[in-house]
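Novice: This one is start-v6.cif, mmCIF, C-alpha atoms.
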```
data_final
loop_
_atom_site.label_atom_id
_atom_site.label_comp_id
_atom_site.auth_asym_id
_atom_site.auth_seq_id
_atom_site.Cartn_x
_atom_site.Cartn_y
_atom_site.Cartn_z
CA MET Z 1 0.00 0.00 0.00
CA ALA Z 2 1.47 3.36 -1.06
CA PRO Z 3 1.93 5.81 1.82
CA SER Z 4 -0.25 8.89 1.76
CA GLN Z 5 2.38 11.02 3.46
CA GLU Z 6 5.81 12.12 2.26
CA GLN Z 7 8.93 10.35 3.37
CA VAL Z 8 11.19 12.16 5.78
CA GLY Z 9 14.92 12.62 5.25
CA SER Z 10 15.83 9.34 6.90
CA GLY Z 11 13.64 7.42 4.47
CA ARG Z 12 11.07 6.67 7.14
CA LEU Z 13 7.45 7.69 7.03
CA SER Z 14 6.22 10.82 8.78
CA VAL Z 15 3.24 9.39 10.65
CA ARG Z 16 0.43 11.72 11.66
CA TRP Z 17 -0.70 11.63 15.28
CA PHE Z 18 -4.34 12.23 14.33
CA VAL Z 19 -6.44 11.45 11.24
CA ALA Z 20 -10.17 11.90 10.53
CA GLY Z 21 -11.00 8.26 11.36
CA ASP Z 22 -9.54 8.67 14.84
CA LEU Z 23 -12.63 10.63 15.90
CA ASP Z 24 -14.91 7.62 15.44
CA GLY Z 25 -12.35 5.35 17.07
CA PHE Z 26 -12.00 7.72 20.00
CA LEU Z 27 -15.79 7.82 20.52
CA GLY Z 28 -16.03 4.04 20.47
CA LEU Z 29 -12.99 3.36 22.64
CA GLY Z 30 -13.92 6.19 25.00
CA LEU Z 31 -17.44 4.79 25.36
CA ASP Z 32 -16.04 1.35 26.16
CA ASN Z 33 -13.90 2.79 28.94
CA LEU Z 34 -16.79 4.99 30.10
CA ILE Z 35 -18.96 1.89 30.54
CA GLN Z 36 -16.29 0.20 32.64
CA ILE Z 37 -15.80 3.24 34.88
CA LEU Z 38 -19.54 3.72 35.34
CA LEU Z 39 -19.74 0.04 36.27
CA ILE Z 40 -16.98 0.53 38.85
CA LEU Z 41 -18.90 3.48 40.30
CA SER Z 42 -22.12 1.49 40.47
CA LEU Z 43 -20.61 -1.63 42.08
CA CYS Z 44 -18.37 0.18 44.55
CA ARG Z 45 -21.25 2.39 45.69
CA GLY Z 46 -24.12 -0.08 45.54
CA VAL Z 47 -22.44 -3.38 46.47
CA LEU Z 48 -19.42 -2.36 48.54
CA ALA Z 49 -20.81 0.92 49.98
CA TYR Z 50 -17.53 2.74 49.40
CA PRO Z 51 -17.69 6.43 50.35
CA ASP Z 52 -17.02 9.00 47.63
CA ALA Z 53 -13.92 10.16 49.51
CA LEU Z 54 -12.34 6.76 48.78
CA LEU Z 55 -13.98 6.06 45.43
CA ILE Z 56 -13.75 9.48 43.76
CA GLY Z 57 -10.69 10.60 45.70
CA THR Z 58 -8.46 7.51 45.38
CA VAL Z 59 -9.76 4.60 43.29
CA LEU Z 60 -10.80 6.54 40.18
CA PRO Z 61 -7.70 8.79 40.04
CA ALA Z 62 -5.52 5.67 40.18
CA THR Z 63 -7.62 4.14 37.41
CA GLY Z 64 -7.28 7.32 35.38
CA ILE Z 65 -3.48 7.30 35.63
CA SER Z 66 -3.32 3.65 34.54
CA LEU Z 67 -5.53 4.43 31.53
CA LEU Z 68 -3.43 7.48 30.68
CA VAL Z 69 -0.11 5.61 30.88
CA GLY Z 70 -1.32 2.56 28.95
CA ASN Z 71 -3.00 4.46 26.13
CA LEU Z 72 -0.05 6.80 25.64
CA VAL Z 73 2.40 3.89 25.49
CA CYS Z 74 0.14 2.03 23.01
CA ALA Z 75 0.06 5.13 20.80
CA LEU Z 76 3.85 5.50 20.98
CA GLN Z 77 4.26 1.81 20.14
CA ALA Z 78 2.03 2.13 17.07
CA HIS Z 79 3.77 5.32 15.94
CA ARG Z 80 7.21 3.74 16.27
CA LEU Z 81 6.27 0.58 14.37
CA ALA Z 82 4.52 2.57 11.64
CA ARG Z 83 7.71 4.54 11.04
CA LEU Z 84 9.87 1.43 11.08
CA GLU Z 85 7.63 -0.39 8.60
CA GLY Z 86 7.11 2.62 6.35
CA ARG Z 87 3.30 2.55 6.56
CA ASP Z 88 0.71 5.03 7.72
CA ASP Z 89 -2.28 2.76 8.33
CA ARG Z 90 -1.31 1.09 11.59
CA THR Z 91 -4.02 1.11 14.28
CA ALA Z 92 -2.88 1.31 17.91
CA LEU Z 93 -3.85 -1.53 20.21
CA PRO Z 94 -6.92 -0.49 22.25
CA TYR Z 95 -6.39 -0.38 26.00
CA GLY Z 96 -8.75 -0.23 28.93
CA ILE Z 97 -10.31 -1.99 31.93
CA ASN Z 98 -11.37 -5.62 31.68
CA ILE Z 99 -15.04 -5.91 32.63
CA VAL Z 100 -14.65 -9.56 33.71
CA THR Z 101 -12.00 -8.71 36.30
CA VAL Z 102 -14.19 -5.89 37.61
CA PHE Z 103 -16.94 -8.38 38.42
CA GLY Z 104 -14.45 -11.00 39.58
CA PHE Z 105 -12.60 -8.77 42.04
CA VAL Z 106 -15.74 -7.08 43.40
CA PHE Z 107 -17.80 -10.22 44.01
CA LEU Z 108 -15.07 -12.82 44.62
CA VAL Z 109 -12.51 -10.79 46.61
CA MET Z 110 -13.59 -7.37 47.84
CA LEU Z 111 -17.16 -8.18 48.89
CA PRO Z 112 -16.26 -11.43 50.75
CA VAL Z 113 -13.46 -9.59 52.57
CA LYS Z 114 -15.86 -6.87 53.65
CA LEU Z 115 -18.60 -9.27 54.75
CA THR Z 116 -16.11 -11.38 56.70
CA ALA Z 117 -14.70 -8.29 58.41
CA VAL Z 118 -18.16 -7.12 59.44
CA ALA Z 119 -18.97 -10.60 60.76
CA ARG Z 120 -15.81 -10.46 62.88
CA GLY Z 121 -17.07 -7.28 64.51
CA LEU Z 122 -15.10 -4.64 62.59
CA THR Z 123 -16.73 -1.28 61.99
CA GLU Z 124 -18.12 -0.43 58.56
CA ALA Z 125 -15.25 1.98 57.90
CA ASP Z 126 -12.61 -0.60 58.86
CA ALA Z 127 -14.32 -3.29 56.78
CA VAL Z 128 -14.40 -0.97 53.76
CA ARG Z 129 -10.71 -0.16 54.16
CA LEU Z 130 -9.79 -3.85 54.43
CA SER Z 131 -11.86 -4.59 51.35
CA TRP Z 132 -10.12 -1.79 49.44
CA GLN Z 133 -6.70 -3.10 50.48
CA ALA Z 134 -7.67 -6.58 49.27
CA GLY Z 135 -8.65 -5.06 45.91
CA MET Z 136 -5.27 -3.31 45.67
CA VAL Z 137 -3.42 -6.55 46.41
CA ALA Z 138 -5.52 -8.42 43.81
CA CYS Z 139 -4.81 -5.72 41.22
CA LEU Z 140 -1.08 -5.86 41.98
CA GLY Z 141 -1.08 -9.66 41.73
CA SER Z 142 -2.83 -9.53 38.37
CA GLY Z 143 -0.33 -6.94 37.11
CA LEU Z 144 2.63 -9.06 38.18
CA ILE Z 145 1.18 -12.11 36.43
CA GLU Z 146 0.65 -10.09 33.25
CA ALA Z 147 4.17 -8.68 33.38
CA ALA Z 148 5.75 -12.08 34.02
CA GLY Z 149 3.61 -13.67 31.33
CA ALA Z 150 5.02 -11.28 28.76
CA PHE Z 151 8.20 -13.37 28.75
CA CYS Z 152 6.51 -16.71 28.06
CA ALA Z 153 3.26 -15.84 26.28
CA GLN Z 154 4.80 -16.29 22.84
CA VAL Z 155 5.10 -20.01 23.61
CA LEU Z 156 1.39 -20.15 24.45
CA ARG Z 157 0.58 -18.27 21.29
CA ARG Z 158 2.36 -20.83 19.11
CA TRP Z 159 0.36 -23.66 20.66
CA LEU Z 160 -3.06 -22.00 20.79
CA PRO Z 161 -4.95 -21.98 17.47
CA ARG Z 162 -6.49 -18.73 16.25
CA ALA Z 163 -10.01 -20.19 16.58
CA ALA Z 164 -9.46 -20.68 20.34
CA LEU Z 165 -8.17 -17.13 20.80
CA LEU Z 166 -10.76 -15.23 18.76
CA SER Z 167 -13.99 -17.14 19.41
CA THR Z 168 -14.10 -16.60 23.19
CA LEU Z 169 -13.25 -12.94 22.65
CA ALA Z 170 -16.25 -12.61 20.34
CA GLY Z 171 -18.52 -14.32 22.88
CA ILE Z 172 -17.61 -11.76 25.55
CA ALA Z 173 -18.08 -8.84 23.13
CA LEU Z 174 -21.62 -9.97 22.25
CA GLY Z 175 -22.61 -9.79 25.92
CA PHE Z 176 -24.01 -6.28 25.35
CA LEU Z 177 -26.74 -7.62 23.08
CA LEU Z 178 -29.58 -7.61 25.64
CA ARG Z 179 -28.75 -4.12 26.88
CA THR Z 180 -29.00 -2.85 23.31
CA TYR Z 181 -32.50 -4.29 22.87
CA ALA Z 182 -33.70 -3.23 26.31
CA HIS Z 183 -34.34 0.31 25.01
CA PRO Z 184 -35.17 -0.23 21.31
CA LEU Z 185 -36.11 3.33 20.40
CA VAL Z 186 -32.74 4.68 21.42
CA CYS Z 187 -30.41 1.72 20.94
CA LEU Z 188 -31.74 0.33 17.67
CA THR Z 189 -31.76 3.79 16.10
CA VAL Z 190 -28.14 4.21 17.09
CA LEU Z 191 -27.37 0.70 15.81
CA ALA Z 192 -28.96 1.56 12.45
CA ILE Z 193 -26.73 4.64 12.11
CA ILE Z 194 -23.65 2.59 13.00
CA LEU Z 195 -24.46 -0.17 10.50
CA VAL Z 196 -25.30 2.27 7.69
CA SER Z 197 -22.14 4.24 8.35
CA TYR Z 198 -19.60 1.45 8.81
CA TYR Z 199 -21.06 -1.40 6.77
CA GLY Z 200 -23.04 0.54 4.17
CA GLN Z 201 -20.24 3.05 3.54
CA ILE Z 202 -22.85 5.82 3.15
CA ARG Z 203 -21.54 9.36 3.54
CA LEU Z 204 -23.21 11.11 6.48
CA PRO Z 205 -23.02 14.79 7.50
CA LEU Z 206 -20.97 13.84 10.59
CA PRO Z 207 -18.71 10.89 11.47
CA GLY Z 208 -20.89 7.86 12.11
CA GLY Z 209 -19.89 7.38 15.73
CA LEU Z 210 -20.38 11.04 16.62
CA LEU Z 211 -23.73 11.22 14.86
CA ALA Z 212 -24.89 8.03 16.59
CA VAL Z 213 -24.05 9.38 20.05
CA LEU Z 214 -25.70 12.74 19.36
CA VAL Z 215 -28.90 11.14 18.02
CA GLY Z 216 -28.97 8.59 20.82
CA THR Z 217 -28.57 11.29 23.46
CA ALA Z 218 -31.35 13.38 21.92
CA LEU Z 219 -33.71 10.37 21.79
CA ALA Z 220 -32.87 9.42 25.38
CA TRP Z 221 -33.75 12.90 26.62
CA GLY Z 222 -36.83 13.16 24.39
CA SER Z 223 -38.24 9.76 25.36
CA GLY Z 224 -37.82 10.29 29.10
CA LEU Z 225 -35.07 7.68 29.47
CA ILE Z 226 -33.05 10.37 31.25
CA GLN Z 227 -34.67 12.15 34.17
CA LEU Z 228 -32.46 14.56 36.06
CA ASP Z 229 -33.67 16.46 39.11
CA ALA Z 230 -31.96 19.42 40.77
CA GLN Z 231 -30.79 17.46 43.81
CA SER Z 232 -29.21 14.70 41.73
CA TRP Z 233 -27.51 17.24 39.49
CA SER Z 234 -26.12 19.09 42.52
CA GLN Z 235 -24.66 15.86 43.87
CA GLN Z 236 -22.91 15.13 40.59
CA VAL Z 237 -21.53 18.66 40.30
CA ALA Z 238 -20.24 18.49 43.88
CA GLN Z 239 -17.98 15.58 42.86
CA MET Z 240 -16.04 17.81 40.46
CA GLY Z 241 -12.59 19.00 41.47
CA VAL Z 242 -8.92 18.13 41.10
CA ARG Z 243 -8.05 14.88 42.85
CA LEU Z 244 -4.42 13.92 42.33
CA PRO Z 245 -3.52 10.32 43.19
CA GLN Z 246 -1.04 9.51 45.93
CA VAL Z 247 1.25 6.53 46.35
CA GLN Z 248 -0.44 4.02 48.66
CA LEU Z 249 2.45 1.70 49.48
CA GLY Z 250 1.57 1.74 53.17
CA ALA Z 251 -2.01 0.61 52.56
CA LEU Z 252 -0.83 -1.91 49.99
CA TRP Z 253 1.66 -3.41 52.44
CA ALA Z 254 -0.97 -3.46 55.19
CA GLY Z 255 -3.18 -5.57 52.93
CA ARG Z 256 -0.49 -8.17 52.16
CA GLY Z 257 -2.29 -10.67 54.38
CA GLN Z 258 -5.07 -10.78 51.76
CA LEU Z 259 -2.77 -12.27 49.11
CA LEU Z 260 -2.65 -15.96 50.01
CA PRO Z 261 -6.35 -16.41 50.91
CA TRP Z 262 -7.41 -15.06 47.52
CA LEU Z 263 -4.78 -16.56 45.21
CA GLY Z 264 -7.53 -18.84 43.90
CA VAL Z 265 -9.15 -15.76 42.39
CA ILE Z 266 -6.12 -13.56 41.71
CA VAL Z 267 -4.19 -16.14 39.66
CA PRO Z 268 -7.10 -17.12 37.35
CA MET Z 269 -8.03 -13.47 36.84
CA GLY Z 270 -4.41 -12.59 36.05
CA LEU Z 271 -4.17 -15.45 33.57
CA PHE Z 272 -7.51 -14.41 32.08
CA ASN Z 273 -6.17 -10.90 31.51
CA LEU Z 274 -2.98 -12.33 30.04
CA LEU Z 275 -4.78 -14.62 27.61
CA GLY Z 276 -7.35 -11.93 26.80
CA SER Z 277 -4.57 -9.56 25.83
CA LEU Z 278 -2.97 -12.32 23.80
CA GLN Z 279 -6.29 -12.73 22.00
CA THR Z 280 -6.33 -9.02 21.23
CA ILE Z 281 -2.82 -9.21 19.76
CA GLU Z 282 -3.92 -12.17 17.63
CA SER Z 283 -7.03 -10.24 16.56
CA ALA Z 284 -4.86 -7.28 15.54
CA GLU Z 285 -2.55 -9.48 13.51
CA ALA Z 286 -5.54 -11.03 11.74
CA ALA Z 287 -6.57 -7.47 10.81
CA GLY Z 288 -3.09 -6.70 9.43
CA ASP Z 289 -1.24 -5.17 12.40
CA ARG Z 290 1.50 -7.38 13.81
CA TYR Z 291 2.61 -6.15 17.23
CA PRO Z 292 5.42 -7.65 19.34
CA VAL Z 293 3.93 -9.85 22.04
CA ARG Z 294 6.39 -9.17 24.85
CA SER Z 295 6.31 -5.36 24.85
CA SER Z 296 2.53 -5.32 24.29
CA LEU Z 297 1.89 -7.51 27.32
CA LEU Z 298 4.36 -5.56 29.44
CA ILE Z 299 2.18 -2.50 28.85
CA ASN Z 300 -0.63 -4.43 30.57
CA GLY Z 301 1.41 -5.37 33.59
CA ILE Z 302 2.87 -1.90 34.08
CA GLY Z 303 -0.57 -0.28 33.86
CA SER Z 304 -2.09 -2.63 36.43
CA ILE Z 305 0.85 -2.31 38.81
CA THR Z 306 0.66 1.49 38.51
CA ALA Z 307 -3.04 1.40 39.40
CA ALA Z 308 -2.42 -0.78 42.47
CA VAL Z 309 0.43 1.36 43.79
CA LEU Z 310 -1.77 4.47 43.54
CA GLY Z 311 -4.76 2.87 45.27
CA GLY Z 312 -6.67 1.30 42.36
CA CYS Z 313 -8.38 -2.09 42.56
CA PHE Z 314 -8.97 -2.94 38.90
CA PRO Z 315 -6.28 -4.09 36.44
CA THR Z 316 -6.03 -2.82 32.90
CA SER Z 317 -5.52 -4.86 29.75
CA LEU Z 318 -5.34 -4.66 26.00
CA TYR Z 319 -8.90 -4.11 24.93
CA ILE Z 320 -11.10 -5.88 22.42
CA GLY Z 321 -12.14 -4.14 19.20
CA HIS Z 322 -8.96 -3.56 17.19
CA PRO Z 323 -10.55 -4.80 13.90
CA ALA Z 324 -13.52 -2.48 14.44
CA TRP Z 325 -11.30 0.57 15.02
CA THR Z 326 -9.29 -0.37 11.92
CA ALA Z 327 -12.48 -0.60 9.85
CA MET Z 328 -13.53 2.83 11.16
CA GLY Z 329 -10.28 4.32 9.86
CA ALA Z 330 -8.81 4.91 13.33
CA ARG Z 331 -5.03 4.88 13.58
CA ILE Z 332 -3.12 6.36 16.54
CA GLY Z 333 -5.05 9.45 17.62
CA ASP Z 334 -7.95 7.53 19.15
CA SER Z 335 -5.58 5.88 21.63
CA TRP Z 336 -3.70 8.88 23.02
CA ARG Z 337 -6.83 11.03 23.04
CA ASN Z 338 -8.72 8.36 24.94
CA GLY Z 339 -5.93 8.24 27.53
CA LEU Z 340 -5.91 12.00 27.98
CA VAL Z 341 -9.69 12.38 28.17
CA MET Z 342 -10.36 9.37 30.43
CA GLY Z 343 -7.42 10.27 32.66
CA ALA Z 344 -8.51 13.89 32.98
CA ALA Z 345 -12.13 12.91 33.70
CA CYS Z 346 -10.99 10.59 36.51
CA LEU Z 347 -8.65 13.20 38.00
CA LEU Z 348 -11.29 15.95 37.82
CA GLY Z 349 -14.25 13.91 39.12
CA LEU Z 350 -16.29 14.46 35.95
CA PHE Z 351 -17.86 11.04 35.49
CA GLY Z 352 -20.95 11.74 37.55
CA VAL Z 353 -21.81 14.74 35.36
CA ILE Z 354 -20.97 12.87 32.14
CA ALA Z 355 -23.19 9.96 33.10
CA ALA Z 356 -26.03 12.32 33.94
CA LEU Z 357 -25.88 14.01 30.52
CA VAL Z 358 -24.93 11.17 28.16
CA PRO Z 359 -26.55 7.79 28.91
CA ILE Z 360 -24.73 4.57 28.08
CA GLU Z 361 -27.66 3.62 25.80
CA ALA Z 362 -26.76 6.50 23.48
CA GLY Z 363 -23.65 4.63 22.37
CA MET Z 364 -24.27 1.04 23.38
CA ALA Z 365 -24.69 -0.01 19.75
CA ILE Z 366 -21.06 0.93 19.09
CA VAL Z 367 -20.03 -1.75 21.57
CA LEU Z 368 -22.37 -4.26 19.91
CA TYR Z 369 -20.87 -3.35 16.53
CA ILE Z 370 -17.44 -4.24 17.90
CA GLY Z 371 -18.79 -7.61 18.98
CA LEU Z 372 -20.21 -8.24 15.50
CA VAL Z 373 -16.89 -7.38 13.85
CA ILE Z 374 -14.92 -9.68 16.15
CA ALA Z 375 -17.44 -12.51 15.74
CA ALA Z 376 -17.24 -12.19 11.95
CA GLN Z 377 -13.44 -12.07 12.10
CA ALA Z 378 -13.34 -15.26 14.19
CA PHE Z 379 -15.03 -17.12 11.32
CA GLU Z 380 -13.39 -15.31 8.40
CA THR Z 381 -9.74 -15.62 9.49
CA THR Z 382 -9.74 -19.28 10.60
CA PRO Z 383 -9.78 -22.42 8.43
CA ARG Z 384 -13.26 -23.63 7.44
CA SER Z 385 -12.65 -26.89 9.30
CA HIS Z 386 -12.29 -24.86 12.52
CA ALA Z 387 -15.74 -23.26 12.20
CA PRO Z 388 -17.39 -25.69 14.69
CA ALA Z 389 -14.70 -24.82 17.24
CA VAL Z 390 -15.35 -21.11 16.69
CA ALA Z 391 -19.09 -21.61 17.18
CA GLN Z 392 -18.48 -23.59 20.36
CA GLY Z 393 -16.07 -20.92 21.61
CA LEU Z 394 -18.86 -18.34 21.51
CA LEU Z 395 -20.97 -20.31 23.97
CA PRO Z 396 -19.06 -19.88 27.27
CA GLY Z 397 -19.22 -16.08 27.07
CA LEU Z 398 -22.92 -16.14 26.26
CA ALA Z 399 -23.57 -18.72 29.00
CA SER Z 400 -21.70 -16.59 31.55
CA TRP Z 401 -23.73 -13.59 30.47
CA GLY Z 402 -26.98 -15.53 30.92
CA SER Z 403 -25.80 -16.78 34.30
CA MET Z 404 -25.21 -13.23 35.51
CA LEU Z 405 -28.72 -12.27 34.40
CA LEU Z 406 -30.22 -15.20 36.32
CA LYS Z 407 -28.24 -14.37 39.45
CA ALA Z 408 -29.26 -10.73 39.23
CA GLY Z 409 -32.91 -11.79 39.04
CA LEU Z 410 -32.53 -14.13 42.01
CA ARG Z 411 -30.81 -11.41 44.05
CA ALA Z 412 -33.67 -9.06 43.27
CA GLY Z 413 -35.93 -11.70 44.84
CA GLY Z 414 -33.84 -11.89 47.99
CA SER Z 415 -31.52 -14.81 47.22
CA GLY Z 416 -27.74 -14.65 47.00
CA THR Z 417 -27.37 -12.75 50.27
CA ALA Z 418 -25.58 -13.69 53.48
CA ALA Z 419 -28.93 -14.58 55.05
CA GLN Z 420 -30.14 -16.58 52.02
CA PRO Z 421 -27.13 -17.72 49.95
CA PHE Z 422 -27.27 -19.60 46.68
CA THR Z 423 -27.56 -23.33 47.43
CA PRO Z 424 -28.33 -26.50 45.42
CA ALA Z 425 -31.86 -26.24 46.83
CA LEU Z 426 -32.55 -23.58 44.18
CA LEU Z 427 -32.38 -26.35 41.56
CA GLN Z 428 -35.02 -28.46 43.26
CA PRO Z 429 -38.32 -28.66 41.30
#
```
Would you write out, as structure tokens, the structure that this file holds?
Specialist:
Amino acid sequence: MAPSQEQVGSGRLSVRWFVAGDLDGFLGLGLDNLIQILLILSLCRGVLAYPDALLIGTVLPATGISLLVGNLVCALQAHRLARLEGRDDRTALPYGINIVTVFGFVFLVMLPVKLTAVARGLTEADAVRLSWQAGMVACLGSGLIEAAGAFCAQVLRRWLPRAALLSTLAGIALGFLLRTYAHPLVCLTVLAIILVSYYGQIRLPLPGGLLAVLVGTALAWGSGLIQLDAQSWSQQVAQMGVRLPQVQLGALWAGRGQLLPWLGVIVPMGLFNLLGSLQTIESAEAAGDRYPVRSSLLINGIGSITAAVLGGCFPTSLYIGHPAWTAMGARIGDSWRNGLVMGAACLLGLFGVIAALVPIEAGMAIVLYIGLVIAAQAFETTPRSHAPAVAQGLLPGLASWGSMLLKAGLRAGGSGTAAQPFTPALLQP
């Protein structure tokens, strides 16, 4: 492919840091990260009862720094390789928070630690602090596993077929299907704009992703999906303000006793992040971008370790969706802009206001589009004889998604609590 930019004196390509397609990529990648952060807010407030002083003042700023560092390094990596290869169409690896580890650490580590502490007679404040320390230790453990895995993952990659790597990734990405259809007026309209723009190649007055978010937001407000009262708005505005992260080595060391009891969760979650990132690298190579495995996985580990040291509880990873961003025309600018915007929003306490103004439903179809692209890629880039394996690989993610829906329904009915835990009796006719 002939470069669209002039060669510099050294014979290497002068790669632009931002192109028109990066706007759509930024909207999609930013929305993905927005969903994860809003989920963290919801779970830490509703399930763990973390106060805003801890959540907005410590956890989110640490998360913001990890997102900033990871996205900037991914952009620099893509820029460097584009220059070395003499091409201007390289798409940076997407980077963000893994939604599976968010659920895993909250429900399998942080919540049990808090409930156990309360049962032992600790105060609510002490139980919350112990739970937070356990989350930091889990995040650090995951980061160390990812960093160590960078030196041996290439061996795993040679032995794992592409069908195994891509199909499970597609199953997880399609987990947003039900949420898209829960509000059809908003979400299906947005989905139509996305499909017409990216699959139909129809020229629209604005970039497809931007137009979809604007139309979705307008429909959400017009249909009454968003209802904002003065008190709620005041609470969100009060969260705004500069909140710089601080090194939390003392708290991290104080929580070291939480490492061994929860290795059964930390190690599988760390390996899941490692393999998930390996899947993303494989997905990128299938789309035409071949990134070095070791340095790409080290980005993961460094980001997660950074988050833990600053008081964060949720590891970062290479994010699904590279083929979708490539198809949108995104290159490098979507990555570094996402890091700057997400990092700034975390450090300035803006996510409450953002969530109040722009509902997730206004852009949920972008996430579903990513799932469709990855699912199609899983079939298109593997041998035909591997198609049954790809189809089977979609099922665990969809089954896990259905399981979470069932558990949520049972919890709404009073089950799944300390007083009435899930037991085999639920399966009795």
Novice: Using all atoms listed in the file, find the one residue out of Z:Cys152, Z:Ile281, Z:Val113, Z:Ala212 that sits nearest to Trp262 in chain Z.
Specialist: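 Going through Z:Cys152, Z:Ile281, Z:Val113, Z:Ala212 one by one, the smallest distance to Trp262 in chain Z is for Z:Val113.
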Novice: For the structure provided, state which residues fall under the PyMOL selection byres ((chain Z and resi 146) around 9), and present them as a list of chain:residue names.
Specialist: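 Answer for the PyMOL selection byres ((chain Z and resi 146) around 9): Z:Gly141, Z:Ser142, Z:Gly143, Z:Leu144, Z:Ile145, Z:Ala147, Z:Ala148, Z:Gly149, Z:Ala150, Z:Gly270, Z:Leu271, Z:Asn273, Z:Leu274, Z:Leu297, Z:Leu298, Z:Ile299, Z:Asn300, Z:Gly301, Z:Ile302, Z:Ser304, Z:Ser317.
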Novice: Could the centre and edge lengths of an axis-aligned box, enclosing all atoms of range 248-251 of chain Z in the file with 6 Å extra on each side, be given in Å to one decimal as JSON?
Specialist:
```
{"center_x": 0.2, "center_y": 2.3, "center_z": 50.9, "size_x": 16.5, "size_y": 15.4, "size_z": 16.5}
```
Novice: For the file shown, what are the residues hit by the PyMOL selection byres ((chain Z and resi 246-258) around 6), laid out as a list in words?
Specialist: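 Here the PyMOL selection byres ((chain Z and resi 246-258) around 6) matches Gln133, Ala134, Pro245, Leu259, Leu260, Pro261, Val309, Leu310 and Gly311 of chain Z.
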Novice: So what do you get for CA of Val213 in chain Z versus CA of Ala362 in chain Z, distance-wise?
Specialist: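 Straight-line distance from CA of Val213 in chain Z to CA of Ala362 in chain Z works out to 5.2 Å.
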Novice: For the provided coordinates, the residues matched by the PyMOL selection byres ((chain Z and resi 355-361) around 10) should be stated as a count of residues only.
Specialist: 40
Novice: Nearest to Gln279 in chain Z: which of Z:Trp325, Z:Leu93, Z:Phe151, Z:Trp336 is it, counting all atoms listed in the file?
Specialist: Z:Leu93
